[in-house]
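Next comes final_38.csv, with CSV, C-alpha atoms.
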chain,number,residue,atom,x,y,z
L,1,MET,CA,-12.2,-15.7,19.7
L,2,GLY,CA,-11.9,-18.7,22.0
L,3,GLY,CA,-8.3,-19.6,21.4
L,4,ARG,CA,-8.6,-19.7,17.6
L,5,GLY,CA,-6.2,-17.7,15.3
L,6,VAL,CA,-7.2,-14.3,14.0
L,7,GLU,CA,-9.2,-14.7,10.8
L,8,PRO,CA,-7.9,-12.7,7.9
L,9,VAL,CA,-10.0,-9.7,7.0
L,10,SER,CA,-11.2,-9.5,3.4
L,11,SER,CA,-10.4,-6.1,2.0
L,12,PRO,CA,-11.7,-4.6,-1.2
L,13,LEU,CA,-8.3,-2.9,-1.6
L,14,THR,CA,-5.1,-4.8,-1.4
L,15,THR,CA,-1.4,-4.3,-2.1
L,16,HIS,CA,1.6,-6.6,-2.5
L,17,VAL,CA,5.2,-5.3,-2.2
L,18,LEU,CA,7.9,-7.3,-4.0
L,19,ASP,CA,11.7,-6.7,-3.7
L,20,THR,CA,12.8,-7.0,-7.3
L,21,ALA,CA,16.5,-6.8,-6.3
L,22,SER,CA,16.3,-10.1,-4.3
L,23,GLY,CA,13.2,-11.6,-6.0
L,24,SER,CA,11.4,-12.0,-2.7
L,25,PRO,CA,8.6,-10.3,-0.8
L,26,ALA,CA,9.4,-6.9,0.7
L,27,ARG,CA,8.8,-7.5,4.4
L,28,SER,CA,7.6,-4.9,6.9
L,29,PRO,CA,7.6,-1.6,5.0
L,30,CYS,CA,5.3,0.7,6.8
L,31,LEU,CA,2.4,2.0,4.6
L,32,ARG,CA,-0.4,4.5,5.0
L,33,LEU,CA,-3.7,4.7,3.1
L,34,SER,CA,-5.4,8.1,2.6
L,35,ARG,CA,-8.3,9.4,0.6
L,36,LEU,CA,-8.7,12.8,-0.9
L,37,GLU,CA,-11.6,14.6,0.8
L,38,ASP,CA,-13.1,18.1,1.0
L,39,HIS,CA,-13.5,18.6,-2.8
L,40,GLY,CA,-9.9,17.6,-3.5
L,41,GLN,CA,-8.3,19.9,-0.9
L,42,GLN,CA,-7.1,17.5,1.9
L,43,TRP,CA,-5.9,14.0,2.4
L,44,THR,CA,-7.6,12.0,5.2
L,45,GLU,CA,-5.6,9.1,6.6
L,46,LEU,CA,-7.7,5.9,6.7
L,47,GLY,CA,-5.2,3.7,8.3
L,48,ASN,CA,-1.6,2.4,8.4
L,49,SER,CA,-0.1,-1.0,8.5
L,50,TYR,CA,2.9,-3.2,7.6
L,51,THR,CA,3.3,-5.9,5.0
L,52,ASP,CA,3.3,-9.5,6.2
L,53,PRO,CA,6.1,-12.0,5.5
L,54,ASP,CA,4.6,-12.6,2.1
L,55,GLY,CA,4.8,-8.8,1.2
L,56,ARG,CA,1.0,-8.5,1.5
L,57,CYS,CA,-1.1,-6.2,3.6
L,58,PRO,CA,-4.4,-7.9,4.5
L,59,GLY,CA,-7.2,-5.8,5.9
L,60,LEU,CA,-6.0,-2.5,4.4
L,61,LEU,CA,-9.5,-1.2,4.0
L,62,PRO,CA,-12.4,-2.8,5.9
L,63,PRO,CA,-15.3,-4.2,3.8
L,64,GLY,CA,-17.9,-1.5,3.1
L,65,HIS,CA,-15.5,1.4,3.5
L,66,MET,CA,-14.5,1.8,-0.1
L,67,LYS,CA,-16.1,4.6,-2.0
L,68,ALA,CA,-15.4,6.2,-5.4
L,69,GLY,CA,-12.6,8.8,-5.2
L,70,THR,CA,-8.9,9.4,-5.2
L,71,TYR,CA,-6.7,7.4,-2.9
L,72,LYS,CA,-3.0,7.4,-1.9
L,73,LEU,CA,-0.8,4.6,-0.7
L,74,PHE,CA,2.4,5.9,1.0
L,75,PHE,CA,5.2,3.4,1.4
L,76,ASP,CA,8.1,4.1,3.8
L,77,THR,CA,10.8,2.7,1.6
L,78,GLU,CA,13.7,4.4,3.4
L,79,GLY,CA,12.8,2.8,6.7
L,80,SER,CA,12.3,-0.6,5.1
L,81,TRP,CA,15.7,-0.6,3.3
L,82,GLY,CA,17.4,1.0,6.4
L,83,LYS,CA,16.4,-2.0,8.5
L,84,ARG,CA,18.5,-4.1,6.1
L,85,GLY,CA,21.4,-1.8,6.1
L,86,GLN,CA,20.7,-0.7,2.6
L,87,GLU,CA,20.6,2.9,1.4
L,88,SER,CA,17.6,3.9,-0.7
L,89,PHE,CA,17.4,6.4,-3.5
L,90,TYR,CA,13.7,7.0,-2.8
L,91,PRO,CA,12.9,7.8,0.8
L,92,HIS,CA,9.2,7.0,0.2
L,93,VAL,CA,6.9,6.0,-2.6
L,94,GLU,CA,3.4,7.5,-3.0
L,95,VAL,CA,1.0,5.8,-5.3
L,96,VAL,CA,-2.1,7.9,-6.1
L,97,PHE,CA,-5.0,6.2,-7.9
L,98,THR,CA,-8.7,6.7,-8.6
L,99,ILE,CA,-11.4,4.2,-7.7
L,100,THR,CA,-14.5,4.7,-9.9
L,101,ASN,CA,-16.5,1.6,-9.0
L,102,GLU,CA,-16.7,0.9,-5.3
L,103,THR,CA,-18.1,-2.6,-5.9
L,104,HIS,CA,-14.9,-3.8,-7.6
L,105,GLU,CA,-11.9,-5.2,-5.8
L,106,VAL,CA,-8.7,-3.2,-6.4
L,107,HIS,CA,-5.1,-4.5,-6.2
L,108,VAL,CA,-2.2,-2.1,-6.3
L,109,PRO,CA,1.2,-4.0,-6.4
L,110,LEU,CA,4.5,-2.2,-5.8
L,111,LEU,CA,7.7,-3.7,-7.4
L,112,LEU,CA,10.6,-2.2,-5.5
L,113,SER,CA,14.4,-2.0,-5.4
L,114,PRO,CA,16.7,0.5,-3.7
L,115,TRP,CA,17.1,2.3,-7.0
L,116,SER,CA,13.7,2.0,-8.7
L,117,TYR,CA,10.0,1.2,-8.3
L,118,THR,CA,7.0,0.5,-10.5
L,119,THR,CA,3.3,-0.1,-9.9
L,120,TYR,CA,0.3,-1.2,-11.9
L,121,ARG,CA,-3.4,-2.0,-11.6
L,122,GLY,CA,-3.3,-5.7,-10.5
L,123,SER,CA,-6.1,-8.3,-10.4
Represent the supplied structure as structure tokens.
Amino acid sequence: MGGRGVEPVSSPLTTHVLDTASGSPARSPCLRLSRLEDHGQQWTELGNSYTDPDGRCPGLLPPGHMKAGTYKLFFDTEGSWGKRGQESFYPHVEVVFTITNETHEVHVPLLLSPWSYTTYRGS
């Protein structure tokens, strides 16, 4: 790399976690990405990461690794809120979604507070 900064990895699958209680990005929740394999019988973990200071998780899935199927994003909300001294009603959030076209980029945002969450298919 010759002293240069790390280049961000373009990922076909992205997420953005926002703290709706404070109106700011949710920093550092641990998350895991899995895909349902073996004819719908077993989850295979594809990777884990943390959100950056902007609440985003770059490089979640390397280019060329997305294929049609059912995926799961697991967010450790209890650990994230616990770091702030905040109790959380939900110890974790699992967002399960289906990718039907592996050539499209997929964005799965999570809006989060200690007492609620919501998600949607972003752009």
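Counting only C-alpha atoms and comparing L:Thr100, L:Thr119, L:Thr51, L:Ser11, the residue that lies closest to L:Pro25 is L:Thr51.
Residues with any atom within 10 Å of stretch 77-90 of chain L, counting all atoms listed in the file and excluding same-chain neighbours fewer than 2 positions away, are Ala26, Arg27, Ser28, Pro29, Cys30, Leu31, Phe74, Phe75, His92, Val93, Glu94, Leu112, Ser113, Pro114, Trp115, Ser116 and Tyr117 of chain L.
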Using only C-alpha atoms, which of the listed residues (L:Trp43, L:Tyr120, L:Tyr71, L:Phe97) sits closest to L:Val17?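 Smallest distance to L:Val17 is found for L:Tyr120.
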Show which residues sit within 10 Å of L:Ser24, as a PyMOL selection string. Count only C-alpha atoms, and ignore same-chain residues fewer than 3 positions away. chain L and resi 17-21+27+53-55
Which value, in Å to one decimal, gives the distance between atom CA of L:Val106 and atom CA of L:Asn48?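 It comes out at 17.3 Å.
One distance worth recording is that between atom CA of L:Gly69 and atom CA of L:Thr118, which is 21.9 Å.
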Residue neighbourhood L:Glu105, 10 Å, all atoms listed in the file, exclusion window fewer than 4 positions, as an mmCIF file with C-alpha atoms, keeping the file's coordinate frame:
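Saved result, out-v2.cif, follows:
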data_model
loop_
_atom_site.group_PDB
_atom_site.id
_atom_site.type_symbol
_atom_site.label_atom_id
_atom_site.label_comp_id
_atom_site.auth_asym_id
_atom_site.auth_seq_id
_atom_site.Cartn_x
_atom_site.Cartn_y
_atom_site.Cartn_z
ATOM 1 C CA SER L 11 -10.400 -6.100 2.000
ATOM 2 C CA PRO L 12 -11.700 -4.600 -1.200
ATOM 3 C CA LEU L 13 -8.300 -2.900 -1.600
ATOM 4 C CA THR L 14 -5.100 -4.800 -1.400
ATOM 5 C CA MET L 66 -14.500 1.800 -0.100
ATOM 6 C CA ILE L 99 -11.400 4.200 -7.700
ATOM 7 C CA ASN L 101 -16.500 1.600 -9.000
ATOM 8 C CA GLY L 122 -3.300 -5.700 -10.500
ATOM 9 C CA SER L 123 -6.100 -8.300 -10.400
#
Given the choices L:Val96, L:Glu45, L:Thr103, L:Ser34, which gets closest to L:Gly64 if the distance is worked out from all atoms listed in the file?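 For L:Gly64, the nearest of the candidates is L:Thr103.
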Hey, which of L:Asp52, L:Gln42, L:Leu36, L:Glu102 ends up closest to L:His65? Count only C-alpha atoms.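 Ranking L:Asp52, L:Gln42, L:Leu36, L:Glu102 by distance to L:His65, first place goes to L:Glu102.
Considering the residues L:His107, L:Lys72, L:His16, L:Arg121 and counting all atoms listed in the file, L:Arg32 has its shortest atom-to-atom contact with L:Lys72.
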Select, from L:His39, L:Leu33, L:Ser49, L:His104, the residue with the minimum atom-to-atom distance to L:Lys67, counting all atoms listed in the file.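 Of all the options, L:His104 lies closest to L:Lys67.
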Atomic separation - atom CA of L:Thr70 relative to atom CA of L:Arg56, Å: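 Computed distance, atom CA of L:Arg56 to atom CA of L:Thr70, equals 21.5 Å.
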